[in-house]
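Have a look at entry-v1.txt; it's compact mmCIF, C-alpha atoms and all ligand atoms:
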# COMPACT_ATOMS: atom_id res chain seq x y z
CA MET A 4 26.52 2.43 -173.38
CA GLY A 5 23.99 0.93 -170.99
CA ALA A 6 23.98 4.12 -168.91
CA ASP A 7 23.55 6.11 -172.09
CA GLY A 8 20.59 4.04 -173.09
CA ARG A 9 19.00 4.52 -169.69
CA PHE A 10 19.58 8.26 -169.95
CA THR A 11 18.03 8.37 -173.42
CA SER A 12 15.04 6.40 -172.26
CA TRP A 13 14.65 8.66 -169.22
CA LEU A 14 14.88 11.69 -171.49
CA GLN A 15 12.28 10.27 -173.84
CA LYS A 16 10.03 9.43 -170.96
CA SER A 17 10.31 12.89 -169.46
CA LYS A 18 9.63 14.45 -172.84
CA LEU A 19 6.67 12.19 -173.18
CA MET A 20 5.44 13.21 -169.73
CA ALA A 21 5.87 16.87 -170.61
CA THR A 22 3.84 16.31 -173.76
CA ILE A 23 1.17 14.50 -171.80
CA ASN A 24 1.03 17.28 -169.22
CA MET A 25 0.77 19.93 -171.91
CA ASN A 26 -2.01 18.04 -173.59
CA ALA A 27 -3.78 17.65 -170.28
CA ALA A 28 -3.61 21.38 -169.73
CA ARG A 29 -4.80 22.01 -173.24
CA THR A 30 -7.59 19.49 -173.17
CA LYS A 31 -9.18 20.95 -170.05
CA PRO A 32 -12.51 21.38 -171.71
CA ILE A 33 -13.77 24.84 -172.58
CA ILE A 34 -17.32 25.27 -171.36
CA GLY A 35 -19.13 28.28 -172.72
CA ARG A 36 -22.66 29.52 -172.60
CA LEU A 37 -25.27 31.20 -174.70
CA ALA A 38 -27.19 33.25 -172.15
CA PRO A 39 -30.09 35.15 -173.69
CA SER A 40 -32.82 36.87 -171.71
CA PRO A 41 -36.27 35.85 -172.92
CA THR A 42 -37.57 39.43 -172.77
CA GLY A 43 -38.07 40.03 -176.48
CA TYR A 44 -37.11 38.76 -179.91
CA LEU A 45 -33.42 38.40 -180.72
CA HIS A 46 -31.91 41.07 -182.95
CA LEU A 47 -28.74 41.31 -185.01
CA GLY A 48 -26.68 42.41 -181.99
CA ASN A 49 -27.72 39.28 -180.11
CA ALA A 50 -26.91 37.19 -183.19
CA TRP A 51 -23.39 38.65 -183.20
CA ALA A 52 -22.79 37.96 -179.49
CA PHE A 53 -24.11 34.38 -179.73
CA LEU A 54 -22.20 33.68 -182.92
CA ALA A 55 -18.94 34.72 -181.23
CA ALA A 56 -19.70 32.72 -178.07
CA TRP A 57 -20.60 29.69 -180.19
CA LEU A 58 -17.43 29.99 -182.29
CA GLY A 59 -15.21 30.35 -179.21
CA VAL A 60 -16.44 27.02 -177.89
CA ARG A 61 -16.75 25.14 -181.18
CA ALA A 62 -13.26 26.19 -182.29
CA ALA A 63 -11.87 24.82 -179.01
CA GLY A 64 -13.88 21.61 -179.21
CA GLY A 65 -15.66 22.52 -175.97
CA ARG A 66 -19.19 22.23 -174.64
CA LEU A 67 -21.87 24.85 -174.98
CA ILE A 68 -24.66 25.50 -172.50
CA LEU A 69 -27.90 27.31 -173.25
CA ARG A 70 -29.01 29.32 -170.24
CA LEU A 71 -32.19 31.38 -170.29
CA GLU A 72 -31.65 34.40 -168.07
CA ASP A 73 -35.25 34.78 -167.02
CA ILE A 74 -34.42 36.20 -163.64
CA ASP A 75 -36.90 39.04 -163.90
CA PRO A 76 -40.36 37.47 -163.83
CA GLN A 77 -42.02 40.71 -164.93
CA ARG A 78 -40.08 40.94 -168.18
CA SER A 79 -39.47 37.30 -169.12
CA LYS A 80 -42.02 35.48 -171.26
CA PRO A 81 -42.15 31.79 -172.20
CA GLU A 82 -43.00 32.67 -175.82
CA PHE A 83 -39.75 34.61 -176.12
CA ALA A 84 -37.85 31.66 -174.63
CA LEU A 85 -39.26 29.39 -177.34
CA ALA A 86 -38.75 31.95 -180.09
CA LEU A 87 -35.10 32.56 -179.27
CA GLN A 88 -34.30 28.85 -179.38
CA GLU A 89 -35.92 28.65 -182.77
CA ASP A 90 -33.98 31.72 -183.94
CA LEU A 91 -30.66 30.31 -182.70
CA ARG A 92 -31.25 27.03 -184.51
CA TRP A 93 -32.27 28.90 -187.65
CA LEU A 94 -28.91 30.73 -187.50
CA GLY A 95 -27.14 27.39 -187.22
CA LEU A 96 -26.08 27.84 -183.58
CA ASP A 97 -26.60 24.73 -181.47
CA TRP A 98 -25.83 23.80 -177.88
CA ASP A 99 -24.92 20.67 -175.93
CA GLU A 100 -26.72 21.26 -172.63
CA GLY A 101 -29.79 23.04 -171.47
CA PRO A 102 -31.77 25.12 -171.65
CA TYR A 103 -31.24 25.85 -167.98
CA THR A 104 -33.38 28.59 -166.51
CA GLN A 105 -32.59 31.03 -163.76
CA SER A 106 -36.20 30.99 -162.62
CA ALA A 107 -35.65 27.38 -161.47
CA ARG A 108 -32.74 28.45 -159.28
CA PHE A 109 -34.20 31.10 -156.99
CA GLU A 110 -33.69 28.87 -153.96
CA CYS A 111 -30.02 28.55 -154.78
CA TYR A 112 -29.67 32.34 -155.08
CA ALA A 113 -31.51 32.80 -151.79
CA ALA A 114 -29.23 30.28 -150.06
CA ALA A 115 -26.16 32.05 -151.43
CA LEU A 116 -27.46 35.38 -150.20
CA GLU A 117 -28.07 33.86 -146.82
CA SER A 118 -24.55 32.41 -146.72
CA LEU A 119 -23.29 35.98 -146.98
CA GLY A 120 -25.40 37.08 -144.06
CA GLY A 121 -28.34 38.34 -146.09
CA GLN A 122 -30.92 37.16 -143.62
CA GLY A 123 -28.94 38.18 -140.61
CA ALA A 124 -27.32 34.77 -140.43
CA GLU A 125 -23.76 34.32 -139.24
CA SER A 126 -21.43 33.05 -141.93
CA ASP A 127 -17.76 32.39 -142.52
CA GLN A 128 -17.72 34.39 -145.72
CA ALA A 129 -19.38 37.33 -144.04
CA GLU A 130 -16.84 37.23 -141.23
CA LYS A 131 -13.94 36.92 -143.62
CA TYR A 132 -14.96 40.00 -145.53
CA ALA A 133 -16.74 42.16 -142.99
CA SER A 134 -14.27 44.88 -142.20
CA GLY A 135 -14.08 46.87 -139.04
CA GLY A 136 -17.26 45.42 -137.61
CA ARG A 137 -19.20 46.40 -140.74
CA ASP A 138 -21.54 43.96 -142.39
CA LEU A 139 -20.73 42.38 -145.73
CA LEU A 140 -24.38 42.74 -146.71
CA TYR A 141 -26.68 45.48 -145.56
CA PRO A 142 -30.25 46.52 -146.25
CA CYS A 143 -30.52 49.55 -148.54
CA PHE A 144 -33.71 51.56 -148.18
CA CYS A 145 -33.00 54.06 -150.95
CA SER A 146 -35.81 54.46 -153.46
CA ARG A 147 -35.13 54.51 -157.19
CA LYS A 148 -35.59 58.28 -157.13
CA GLU A 149 -33.07 58.67 -154.32
CA LEU A 150 -30.61 56.44 -156.13
CA ARG A 151 -30.98 58.53 -159.27
CA GLU A 152 -30.31 61.66 -157.28
CA LEU A 153 -27.31 60.06 -155.60
CA ALA A 154 -25.96 59.00 -158.96
CA GLY A 155 -26.43 62.53 -160.26
CA ALA A 156 -27.35 61.19 -163.66
CA PRO A 157 -30.60 60.24 -165.35
CA GLN A 158 -31.32 56.56 -165.79
CA ALA A 159 -30.55 55.39 -169.29
CA GLY A 160 -33.29 53.85 -171.42
CA GLY A 161 -34.30 50.26 -170.81
CA GLY A 162 -33.88 47.10 -172.78
CA SER A 163 -30.48 46.08 -171.54
CA ARG A 164 -29.54 43.03 -169.58
CA GLN A 165 -27.88 45.32 -167.13
CA SER A 166 -31.20 46.78 -166.13
CA GLY A 167 -31.87 43.44 -164.47
CA SER A 168 -29.76 44.60 -161.59
CA SER A 169 -31.80 47.83 -161.34
CA PHE A 170 -28.71 49.87 -160.67
CA ARG A 171 -27.93 51.18 -164.07
CA GLN A 172 -25.80 54.01 -162.78
CA SER A 173 -22.75 51.81 -162.98
CA GLY A 174 -23.68 51.35 -166.60
CA SER A 175 -23.05 54.99 -167.34
CA GLY A 176 -19.57 54.57 -165.96
CA PHE A 177 -18.59 51.77 -168.23
CA ARG A 178 -20.11 53.00 -171.46
CA GLN A 179 -16.87 54.85 -172.03
CA ALA A 180 -14.93 51.76 -171.15
CA GLY A 181 -16.59 50.04 -174.06
CA GLY A 182 -17.27 52.78 -176.55
CA GLY A 183 -14.09 54.73 -176.18
CA SER A 184 -11.67 52.51 -174.33
CA ASN A 185 -8.67 54.53 -173.35
CA GLN A 186 -5.51 52.93 -174.46
CA SER A 187 -2.81 53.87 -171.97
CA GLU A 188 0.89 54.23 -172.58
CA ASP A 189 1.68 50.71 -171.45
CA GLY A 190 -0.78 49.43 -174.00
CA ASN A 191 -3.26 48.40 -171.36
CA ILE A 192 -6.91 49.21 -171.46
CA ARG A 193 -7.87 51.59 -168.69
CA ALA A 194 -11.50 50.85 -168.34
CA GLY A 195 -13.63 53.66 -167.11
CA ALA A 196 -10.81 56.15 -167.27
CA GLY A 197 -13.29 58.98 -167.73
CA ASN A 198 -15.83 60.06 -165.17
CA ALA A 199 -16.53 56.52 -164.12
CA ALA A 200 -16.79 57.46 -160.47
CA ASP A 201 -20.17 58.97 -161.35
CA GLY A 202 -22.95 56.72 -160.34
CA SER A 203 -21.26 54.55 -157.76
CA TYR A 204 -23.51 54.08 -154.77
CA PRO A 205 -21.93 56.19 -152.03
CA GLY A 206 -22.78 53.75 -149.25
CA VAL A 207 -25.50 55.83 -147.59
CA CYS A 208 -27.32 52.88 -146.04
CA ARG A 209 -24.06 51.15 -145.11
CA ASN A 210 -23.55 53.97 -142.64
CA LEU A 211 -26.95 53.77 -140.95
CA SER A 212 -26.80 53.08 -137.25
CA PRO A 213 -28.33 49.80 -136.03
CA GLN A 214 -31.20 51.84 -134.55
CA GLU A 215 -31.87 53.61 -137.83
CA ARG A 216 -31.88 50.28 -139.66
CA GLU A 217 -34.26 48.76 -137.20
CA GLU A 218 -36.61 51.72 -137.35
CA ARG A 219 -36.76 51.64 -141.12
CA GLN A 220 -37.26 47.90 -141.25
CA ARG A 221 -40.03 48.17 -138.65
CA SER A 222 -41.76 50.89 -140.61
CA GLY A 223 -42.10 48.41 -143.48
CA LEU A 224 -39.94 50.32 -145.98
CA PRO A 225 -38.94 48.01 -148.82
CA PHE A 226 -35.22 47.38 -148.97
CA ALA A 227 -32.62 45.83 -151.24
CA TRP A 228 -29.69 43.70 -150.05
CA ARG A 229 -26.56 45.53 -151.01
CA ILE A 230 -23.04 44.19 -150.73
CA ASN A 231 -20.14 46.14 -149.26
CA PHE A 232 -17.83 46.09 -152.25
CA ALA A 233 -16.21 49.49 -151.75
CA GLN A 234 -14.52 48.44 -148.52
CA ASN A 235 -13.63 44.96 -149.75
CA LEU A 236 -12.14 46.02 -153.03
CA ARG A 237 -8.87 44.21 -153.73
CA PRO A 238 -6.45 44.78 -156.62
CA GLU A 239 -7.14 41.37 -158.13
CA PHE A 240 -10.77 42.37 -158.78
CA LEU A 241 -9.57 45.25 -160.93
CA GLU A 242 -7.60 43.44 -163.58
CA PHE A 243 -8.00 40.53 -165.90
CA GLU A 244 -6.89 39.25 -169.31
CA ASP A 245 -9.42 39.62 -172.06
CA LEU A 246 -9.23 37.44 -175.17
CA ILE A 247 -10.02 40.45 -177.35
CA LEU A 248 -9.00 43.53 -175.35
CA GLY A 249 -5.84 42.14 -173.80
CA ARG A 250 -5.00 43.20 -170.27
CA VAL A 251 -7.83 45.23 -168.75
CA ASN A 252 -7.30 47.43 -165.69
CA PHE A 253 -10.02 49.26 -163.84
CA ARG A 254 -9.44 52.24 -161.63
CA PRO A 255 -10.89 51.61 -158.15
CA GLU A 256 -13.44 54.40 -158.70
CA ALA A 257 -14.68 52.56 -161.80
CA ALA A 258 -15.38 49.31 -159.97
CA GLY A 259 -18.94 50.41 -159.30
CA GLY A 260 -19.13 50.69 -155.51
CA ASP A 261 -21.58 48.74 -153.37
CA PHE A 262 -24.16 46.94 -155.48
CA ALA A 263 -27.44 45.15 -154.88
CA LEU A 264 -27.69 41.37 -154.80
CA ARG A 265 -31.43 41.44 -154.36
CA ARG A 266 -33.72 44.28 -155.31
CA SER A 267 -36.35 45.70 -153.03
CA ASP A 268 -39.04 43.99 -155.13
CA GLY A 269 -37.39 40.63 -154.34
CA VAL A 270 -35.79 40.10 -157.73
CA PHE A 271 -32.24 38.73 -157.50
CA ALA A 272 -29.59 40.80 -159.20
CA TYR A 273 -28.15 39.76 -162.52
CA GLN A 274 -24.63 39.91 -161.01
CA LEU A 275 -25.43 37.37 -158.33
CA ALA A 276 -27.29 34.94 -160.59
CA VAL A 277 -24.76 35.01 -163.37
CA VAL A 278 -21.79 34.33 -161.10
CA LEU A 279 -23.54 31.50 -159.25
CA ASP A 280 -24.75 29.96 -162.52
CA ASP A 281 -21.31 30.11 -164.10
CA ILE A 282 -19.77 28.42 -161.05
CA GLU A 283 -22.37 25.69 -160.82
CA GLN A 284 -22.47 25.04 -164.56
CA GLY A 285 -18.67 24.91 -164.75
CA VAL A 286 -18.43 27.74 -167.26
CA THR A 287 -14.81 28.48 -168.24
CA GLN A 288 -15.33 30.96 -171.07
CA VAL A 289 -17.53 34.05 -170.93
CA VAL A 290 -18.12 35.85 -174.22
CA ARG A 291 -20.32 38.93 -174.06
CA GLY A 292 -20.76 42.51 -175.23
CA GLU A 293 -18.45 45.28 -174.16
CA ASP A 294 -21.41 46.94 -172.44
CA ILE A 295 -21.01 44.35 -169.67
CA LEU A 296 -17.28 44.96 -169.29
CA GLY A 297 -17.86 47.24 -166.30
CA SER A 298 -19.58 44.41 -164.40
CA THR A 299 -16.42 42.34 -164.38
CA PRO A 300 -14.85 43.69 -161.14
CA ARG A 301 -18.11 43.03 -159.28
CA GLN A 302 -18.30 39.54 -160.74
CA LEU A 303 -14.68 38.79 -159.87
CA PHE A 304 -15.47 39.86 -156.31
CA LEU A 305 -18.51 37.57 -156.13
CA GLN A 306 -16.53 34.69 -157.65
CA SER A 307 -13.97 35.09 -154.90
CA LEU A 308 -16.71 35.14 -152.25
CA PHE A 309 -18.26 31.94 -153.56
CA GLY A 310 -14.95 30.21 -154.30
CA GLY A 311 -15.39 30.13 -158.07
CA GLU A 312 -12.61 29.84 -160.61
CA ARG A 313 -12.03 32.78 -162.88
CA PRO A 314 -13.28 32.07 -166.40
CA GLU A 315 -11.70 33.42 -169.58
CA TYR A 316 -13.37 36.61 -170.75
CA ALA A 317 -13.93 37.99 -174.21
CA HIS A 318 -15.72 41.34 -174.44
CA LEU A 319 -17.08 41.95 -177.90
CA PRO A 320 -17.44 45.20 -179.82
CA LEU A 321 -21.09 46.21 -179.83
CA LEU A 322 -23.23 46.33 -182.91
CA LEU A 323 -24.65 49.87 -182.76
CA ASP A 324 -27.36 51.30 -184.98
CA HIS A 325 -26.66 54.02 -187.56
CA GLN A 326 -26.96 56.67 -184.85
CA GLY A 327 -24.51 54.91 -182.56
CA GLU A 328 -27.25 53.67 -180.22
CA ARG A 329 -27.26 50.19 -178.75
CA LEU A 330 -29.67 47.84 -180.39
CA ALA A 331 -32.62 47.09 -178.19
CA LYS A 332 -35.30 44.51 -178.52
CA ARG A 333 -37.58 47.32 -179.71
CA HIS A 334 -35.59 47.57 -182.97
CA ALA A 335 -38.22 45.27 -184.45
CA SER A 336 -37.20 45.69 -188.09
CA ILE A 337 -33.82 44.11 -187.40
CA SER A 338 -35.11 41.35 -185.19
CA LEU A 339 -34.07 37.99 -186.58
CA ARG A 340 -37.76 37.21 -187.03
CA GLY A 341 -38.33 40.43 -188.95
CA LEU A 342 -35.38 39.78 -191.23
CA ARG A 343 -36.39 36.18 -191.76
CA ALA A 344 -39.94 37.25 -192.64
CA ALA A 345 -38.48 39.71 -195.14
CA GLY A 346 -36.68 36.84 -196.87
CA VAL A 347 -33.16 37.26 -195.43
CA SER A 348 -31.23 34.00 -195.16
CA PRO A 349 -29.30 32.93 -192.04
CA GLU A 350 -26.19 32.61 -194.24
CA ALA A 351 -26.50 36.27 -195.24
CA ILE A 352 -26.63 37.30 -191.57
CA ILE A 353 -23.68 35.13 -190.54
CA GLY A 354 -21.65 36.20 -193.57
CA TRP A 355 -22.37 39.88 -192.95
CA LEU A 356 -21.47 39.62 -189.22
CA ALA A 357 -18.26 37.72 -189.98
CA HIS A 358 -17.19 40.44 -192.39
CA TRP A 359 -18.29 43.31 -190.14
CA SER A 360 -16.36 41.93 -187.15
CA GLY A 361 -13.14 41.20 -189.02
CA LEU A 362 -13.48 37.41 -188.91
CA ARG A 363 -13.65 37.25 -192.69
CA THR A 364 -12.29 39.61 -195.33
CA GLU A 365 -14.79 38.53 -197.93
CA LEU A 366 -18.38 39.71 -197.75
CA SER A 367 -20.49 36.76 -198.82
CA PRO A 368 -23.02 34.41 -197.26
CA CYS A 369 -21.67 31.56 -195.16
CA ARG A 370 -22.72 29.18 -192.44
CA ALA A 371 -21.59 29.47 -188.83
CA ARG A 372 -19.79 26.16 -189.07
CA ASP A 373 -17.76 27.42 -192.03
CA LEU A 374 -16.11 29.90 -189.63
CA VAL A 375 -15.04 27.39 -186.96
CA ASP A 376 -11.69 26.28 -188.39
CA SER A 377 -10.24 29.73 -188.89
CA PHE A 378 -11.83 31.34 -185.81
CA SER A 379 -9.69 33.33 -183.41
CA PHE A 380 -10.75 35.95 -180.87
CA SER A 381 -7.72 38.00 -181.85
CA ALA A 382 -9.16 38.43 -185.36
CA ILE A 383 -12.13 40.39 -183.99
CA LYS A 384 -11.78 44.12 -184.52
CA ARG A 385 -11.95 46.29 -181.43
CA GLU A 386 -13.76 49.10 -183.19
CA CYS A 387 -16.47 48.16 -185.62
CA GLU A 388 -18.59 50.22 -187.97
CA LEU A 389 -22.11 51.36 -187.18
CA LEU A 390 -24.92 49.32 -188.61
CA PRO A 391 -25.97 50.79 -191.96
CA ILE A 392 -29.49 52.19 -191.93
CA ASP A 393 -30.45 49.99 -194.89
CA ILE A 394 -29.07 46.81 -193.35
CA ALA A 395 -32.21 44.78 -194.13
CA ASP A 396 -31.89 45.58 -197.85
CA ARG A 397 -28.19 44.84 -197.84
CA LEU A 398 -28.79 41.47 -196.21
CA LEU A 399 -31.51 40.69 -198.74
CA ARG A 400 -29.14 41.45 -201.59
CA LEU A 401 -26.41 39.28 -200.03
CA ARG A 402 -26.77 36.05 -201.96
CA ALA A 403 -24.51 33.19 -202.72
CA ASP A 404 -24.54 33.59 -206.53
ZN ZN A 501 -29.45 52.99 -149.62

Reformat the file's structure so that it appears as structure tokens.
Amino acid sequence: MGADGRFTSWLQKSKLMATINMNAARTKPIIGRLAPSPTGYLHLGNAWAFLAAWLGVRAAGGRLILRLEDIDPQRSKPEFALALQEDLRWLGLDWDEGPYTQSARFECYAAALESLGGQGAESDQAEKYASGGRDLLYPCFCSRKELRELAGAPQAGGGSRQSGSSFRQSGSGFRQAGGGSNQSEDGNIRAGAGNAADGSYPGVCRNLSPQEREERQRSGLPFAWRINFAQNLRPEFLEFEDLILGRVNFRPEAAGGDFALRRSDGVFAYQLAVVLDDIEQGVTQVVRGEDILGSTPRQLFLQSLFGGERPEYAHLPLLLDHQGERLAKRHASISLRGLRAAGVSPEAIIGWLAHWSGLRTELSPCRARDLVDSFSFSAIKRECELLPIDIADRLLRLRAD
């Protein structure tokens, strides 16, 4: 009897411990971020991405950071930074921390670059990854024109966050990954299953002799710092779980090849900044458009270099215009400001996006916070309709009555 009682109490205690442990695992706080670039006014596509990122965090009871990705000083403007905060608040999307700015962190990016051997410094990380006596980082003297010729494809039009890295050729490889993801027999997404090898930097400057490098540097040719990804590619950089897409696998050719961490004009690459920021700000959940999907192997590589923990990823279907083109900040008529000036309510925009994305069957105005309780990434459709050409009129007509 006494032994029985002890056993029961032990059992209860161990069950209790298991419950406590499960809760501890579950209550590890989700930290997400809204990360707009202040390079123009927000449009409906941005509203969709920020709504989803906001819901992912709010539904999990986590913390949300606002980070202004103003890494490119030529394109970022303080008035856009102010406007986008006003637009987010107008939509009913708030945040708990920030805004943090990338422009305040250039020293941190420079130090990270240096830790990888970017200034010729010795480093543990560089030694760990440098293979066969090759450098982890190397100066790349290729001009934009040469890079275009190497990529064998014209540069796509501007306006994307990806252009921050200046090497858009990898973008052409992952457009198919997003637009027409190839579902393979095992049900996995094979990202970049098409001609994704197109556009990878073939490592021309990696193969320069020390003399050639020195000559070019002495002649004052501008150069970018490029990282030797192709020869440090490991299987774990090619696969991850996505909250919307499920298991994503990249073919090695689709990983993007060597990429720049700092452009020849001195601007740090988006890939570098975003990975360092996410590590330092403790970000555990990354929600972003499918157009960025192809960056993931490069970011997983950088995370591993800097000892970061892998966040959860959710890659969202893109809101494309009626011709199937990505929305750009030049689509002024569907900027949030334009719609607001035309008399569209934030509830109409949120309600329309929730219906369009599959989060809500009913098409009616609602507030962002009305969507929190029922939110699930798995409810988001993988393929969404194109934006109707008369979207502004439709939103105007969308009223609560
Ligand atoms: Zn080069």

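Here CA of Gly249 (chain A) is placed at a distance of 28.8 Å from CA of Asp99 (chain A).
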
Restricting to all atoms listed in the file, whichever of A:Glu312, A:Glu328, A:Asp281, A:Glu100 is closest to Asp294 (chain A) is A:Glu328

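Residue nearest Leu390 (chain A), chosen from A:Pro368, A:Gly327, A:Pro320, A:Pro314 and counting only C-alpha atoms: A:Gly327.
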
- Task: Please identify every polymer residue within 10 Å of ligand ZN 501 (chain A), using all atoms listed in the file, and present the set as a ChimeraX atom specification.
- Result: /A:141-147,149-150,153,204-211,226-229,261-263

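Excluding Ser377 (chain A) and any residue on its chain fewer than 6 positions from it, the residues at most 12 Å away by all atoms listed in the file are A:Leu58, A:Gly59, A:Arg61, A:Ala62, A:Ala63, A:Ala357, A:Gly361, A:Leu362, A:Arg363, A:Thr364, A:Ala371, A:Ile383.
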
Can you list, as a PyMOL selection string, every protein, DNA or RNA residue that comes within 8 Å of Ala345 (chain A) when you count only C-alpha atoms, leaving out same-chain residues fewer than 3 positions away? chain A and resi 341-342+399

Tell me which residues come within 9 Å of (-25.6, 35.7, -196.4), as a PDB file with C-alpha atoms, in the frame of the given file, counting all atoms listed in the file in the file's coordinates.
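Written file, result_28.pdb:
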ATOM      1  CA  VAL A 347     -33.160  37.260-195.430  1.00  0.00           C
ATOM      2  CA  SER A 348     -31.230  34.000-195.160  1.00  0.00           C
ATOM      3  CA  PRO A 349     -29.300  32.930-192.040  1.00  0.00           C
ATOM      4  CA  GLU A 350     -26.190  32.610-194.240  1.00  0.00           C
ATOM      5  CA  ALA A 351     -26.500  36.270-195.240  1.00  0.00           C
ATOM      6  CA  ILE A 352     -26.630  37.300-191.570  1.00  0.00           C
ATOM      7  CA  ILE A 353     -23.680  35.130-190.540  1.00  0.00           C
ATOM      8  CA  GLY A 354     -21.650  36.200-193.570  1.00  0.00           C
ATOM      9  CA  TRP A 355     -22.370  39.880-192.950  1.00  0.00           C
ATOM     10  CA  LEU A 366     -18.380  39.710-197.750  1.00  0.00           C
ATOM     11  CA  SER A 367     -20.490  36.760-198.820  1.00  0.00           C
ATOM     12  CA  PRO A 368     -23.020  34.410-197.260  1.00  0.00           C
ATOM     13  CA  CYS A 369     -21.670  31.560-195.160  1.00  0.00           C
ATOM     14  CA  ARG A 370     -22.720  29.180-192.440  1.00  0.00           C
ATOM     15  CA  LEU A 398     -28.790  41.470-196.210  1.00  0.00           C
ATOM     16  CA  LEU A 399     -31.510  40.690-198.740  1.00  0.00           C
ATOM     17  CA  ARG A 400     -29.140  41.450-201.590  1.00  0.00           C
ATOM     18  CA  LEU A 401     -26.410  39.280-200.030  1.00  0.00           C
ATOM     19  CA  ARG A 402     -26.770  36.050-201.960  1.00  0.00           C
ATOM     20  CA  ALA A 403     -24.510  33.190-202.720  1.00  0.00           C
TER      21      ALA A 403
END

Give me the residues near Asn49 (chain A) as a PyMOL selection string, where near means some atom within 12 Å (using all atoms listed in the file) and where sequence neighbours in that chain fewer than 5 positions away do not count. chain A and resi 37-41+43-44+54-57+87+90-91+94+163-164+290-292+319-323+329-332+334+337-339+352-353+356

Counting all atoms listed in the file, the residue among A:Val270, A:Ile394, A:Cys111, A:Leu305 that lies closest to Asp75 (chain A) is A:Val270
